[in-house]
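Notes for the one structure printed next.
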Amino acid sequence: MPRHILKSLFLAYIFTLAATAQRSVTYDNRSGLSHWIVSDVLQDRQGFIWLSTWNGLNRFDGYEFRQIKTRPGDGTDIKSEVIRRIMQDGKGNIVCRTESGFFRFDTHNYRLEDVADTTMYDMPPIGKPAPFRDSEGNVWTVERYGVTKTCTAHHPAKIVTGTENVQARAFMRDRKNRWWLATKEDECIRIYDGRNVLAGFLGSDGRLHGEKTPFGHRAYTIVQTRGGDIWAGCKPGALIRMRERADGTFEIRRIRGAELACDIIYHIIEDGAGRLWLATFGGGVVCIPNPEADNPMFISFKINGAESKGCKVRRLLLTRRGNIVCATTNGIVTGRINRSDVRKSVFRRLGRDGKRSGSLCNNATMDVVQDGRGRIFIATENSGIDMTDEEELFGDEPSFAHFNTANSSLTSDACLAMTVKGGGHILVVCTDRVMDFMPYGDSTVTYSRRFWSAACHFSEERPLRLPDGSWLFGQEQGAYIATPHNMDTRGYKPPLLFTELMVSGKQPVTGICTTDTVVLGTDERNFSISFAALDYTDNTDICYRSRLDGSPWSRAGNDRTLTFYDMAPGTHTLTVQSTDRYGRWVDNARRLTIIVTPHWHETLWARMAEWLLFAGMITGVVYTVFYIRNMNRQRRELLVKYMALLDRADGGQSPAEKAEAPALPAELPESDRRFLGLVMRYIEENIGNSDANIDDMAAFAATSRSNLNRKLRSLVDITAAQLLIDARMQRAAQMLGAAAAEDGKPRIAEIAYACGYSDPRYFSRCFRQKYGVTPSEYHGVSGTGR
């Protein structure tokens, strides 16, 4: 067998062992165990690992140890917690053997129980137990100090044999369904057939070699034109054109030109007219309008808003409308290609503007792609991804939508390269992971470093779809292939369990894992809930997300504790989901119903009572307002009728008027009618008496002064003094009116005396205050027909 084949097989075997290398970790009291002497290990039906120690039971969820111990008043008679052996009974409970007997831990209600009948358990003898293998195949071995877990690491993605410890820098799939792989440190170009079998190494002589042969240049990009030529851009500077001959060898020629100011080529694309566009790392954008010529021509362009000389371009995108978008180290460059004269194409630079939120989020752009919907995505070095469309991008002031770890499902902002996967998905290569991002539904599947290798550092090359449907990815440590099965099919699904409930000021509840409903008291509004996905092989890159009452999912992260403050009373549903050890979301969502008991004033009945009370208060206020208004109206009406009766009694009316004068309301009580009659009689008899006073009026009405005023206020809303004044003013107005009717000049003094005023001047002031005019003026008005 040829030596190079044996070498390849040996390397494949070595790296297969490396991909499945065993890893061991020892747990003792420094890791959180309650004692460094461990006597036994088992796994319960929920998936927890239980370790018995000389200081009680310990439950392990892959992250933390939680101790189970006796407590005063727990109802047990356990004399010792130095546990020698443990086993599970038929119900899944853990039976513990100590030097002084047995006790049992009920895994359904998380309580310790005494064991009366010890003969029912066939417990292994005290001594060092045999190694225990958990459900994932990990081996737990009890040591002198603690316990050692030995697991087998597995990485679904496979390294391309022979690329170990060299950077995979450039990929290309040619028309013959071969794929090309250029690596950096060894300066090799490998060519594989459609079955992913290495066809050989392309040498500088244009031949394929069976053994590793340097190409002589570090290719950073490889592309095949429609004419069949293969172009390679290299660093250090070189632009190489390769033409395949009939015998399978290649004519290799380095293309030079005085117009090519920088020959460090990072990317090459071909447009619809057969022109080549070069992304140079220091010379901006360059076009080759005649790439098939023996001496191709180079055209450089001025970039508005940037120095063309020194412009470092990483990636190019030819849009659907035939325009150019360039990812550079200092923003993006857009170019409108002039189809009639390419020299007249216009390029401009767009960068970050701190005063405008819709501007580019970062000037350090790494890649640019366009999806099936026409949306353009721009990967930045440390600010996530920007999205826009072509019309917006080539407008006067383009605006971008931003996707990053703070506002989307992305798990990394350090984006190096992208490729359109199809179906609305974009594969995003980051520094230590690959994200399958679906921007329209804002969902992301992350393939963490555990999916790839222990040392995971990706290069800037775009992923390449291979002929068999697999994807090729570039890393600093080699090229990796991920099959659709590896990427889309989930293997081990870690069970997700709630591990602890912590209410402020109370003992943590570890038995929350056995229930799907938690009832909290009226004063237990602040609490924390912990959870864990049980993966004992490798839980380093497991991510979690949560949502409460159907709200959107939270941002994915490694936090395993949720804290709630002042939780509203009522029934809530908490949902938590995790990824697997490789970062892929799995169907293991766990739901917990949280019932927060309300205070009495927060209950439905209390709220109904509050609403009823509020409605009653409003009704009472409205009723009171209308009642007061109605009472005032009735008092005014009664006062009018009462004053009319006074007029009639005083003789100030004609017989016809007296007959038509209104009587007191019939519904007026007899006592009130009698009371008003007495007051009226006193006023009638004393209206001209200047010595008449309220005390005499009260005595005449057989009541007190205060009761007189109170009664009059309640009936006619007026005091006794005011009633007497109004009656006298009314009599004066009648007398003035009668004088006017007879065309006689009124004698003001006589009218004043007749109305009980001893001072005519004071009478005039009172009259003016009542009617707004003097008695003389009132007489004049009455004489004109008042």
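Residue numbering restarts at 1 in every chain; chains get A, B, ... in the order shown in the structure tokens, and ligands count up from 1 in that same order.
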
Mind checking DSSP for range 294-423 of chain A and telling me the alpha helix (DSSP H) residues as a VMD selection string?
chain A and resid 390 to 393

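Closest approach to Ala455 in chain A among A:Gly423, A:Gly372, A:Gly478, A:Gly305: A:Gly478, based on only C-alpha atoms.
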
I want to know what sits within 10 Å of range 117-134 of chain A, based on only C-alpha atoms, with residues of the same chain fewer than 4 positions away left out; could you give that as a ChimeraX atom specification?
/A:38-44,47-49,83-89,95-99,101-103,138-144,147-151,536-537

Which residues, written as an MDAnalysis selection string, have at least one atom at most 12 Å from range 667-675 of chain A, with only C-alpha atoms counted and residues fewer than 5 positions away on the same chain left out?
chainID A and resid 634:635 638 642 680:682 697:703 707:709 711:712 714:716

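Residues in contact with range 349-362 of chain A at up to 8 Å, not including ones fewer than 2 positions away on its chain and judged by only C-alpha atoms, are A:Ile303, A:Asn304, A:Gly305, A:Ala306, A:Asn330, A:Gly331, A:Ile332, A:Val333, A:Thr334, A:Phe347, A:Ala364, A:Thr365, A:Thr380, A:Glu381, A:Asn382, A:Ser383, A:Asp386, A:Pro398, A:Ser399, A:Phe400, A:Ala401, A:His402.
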
For Arg765 in chain A, work out the shell of residues within 8 Å, counting only C-alpha atoms and skipping chain neighbours fewer than 4 positions away, then give it as a ChimeraX atom specification.
/A:761,769,774

Cys430 in chain A: which residues within 6 Å, counting only C-alpha atoms, same-chain residues fewer than 4 positions away excluded, as a PyMOL selection string?
chain A and resi 414-416+434

Residue subset to file, keeping C-alpha atoms, as a compact mmCIF listing (two decimals), in the first residue's frame:
# COMPACT_ATOMS: atom_id res chain seq x y z
CA ALA A 414 -18.58 38.77 16.43
CA CYS A 415 -19.57 37.81 12.86
CA LEU A 416 -16.89 36.82 10.35
CA VAL A 434 -21.86 29.02 13.78
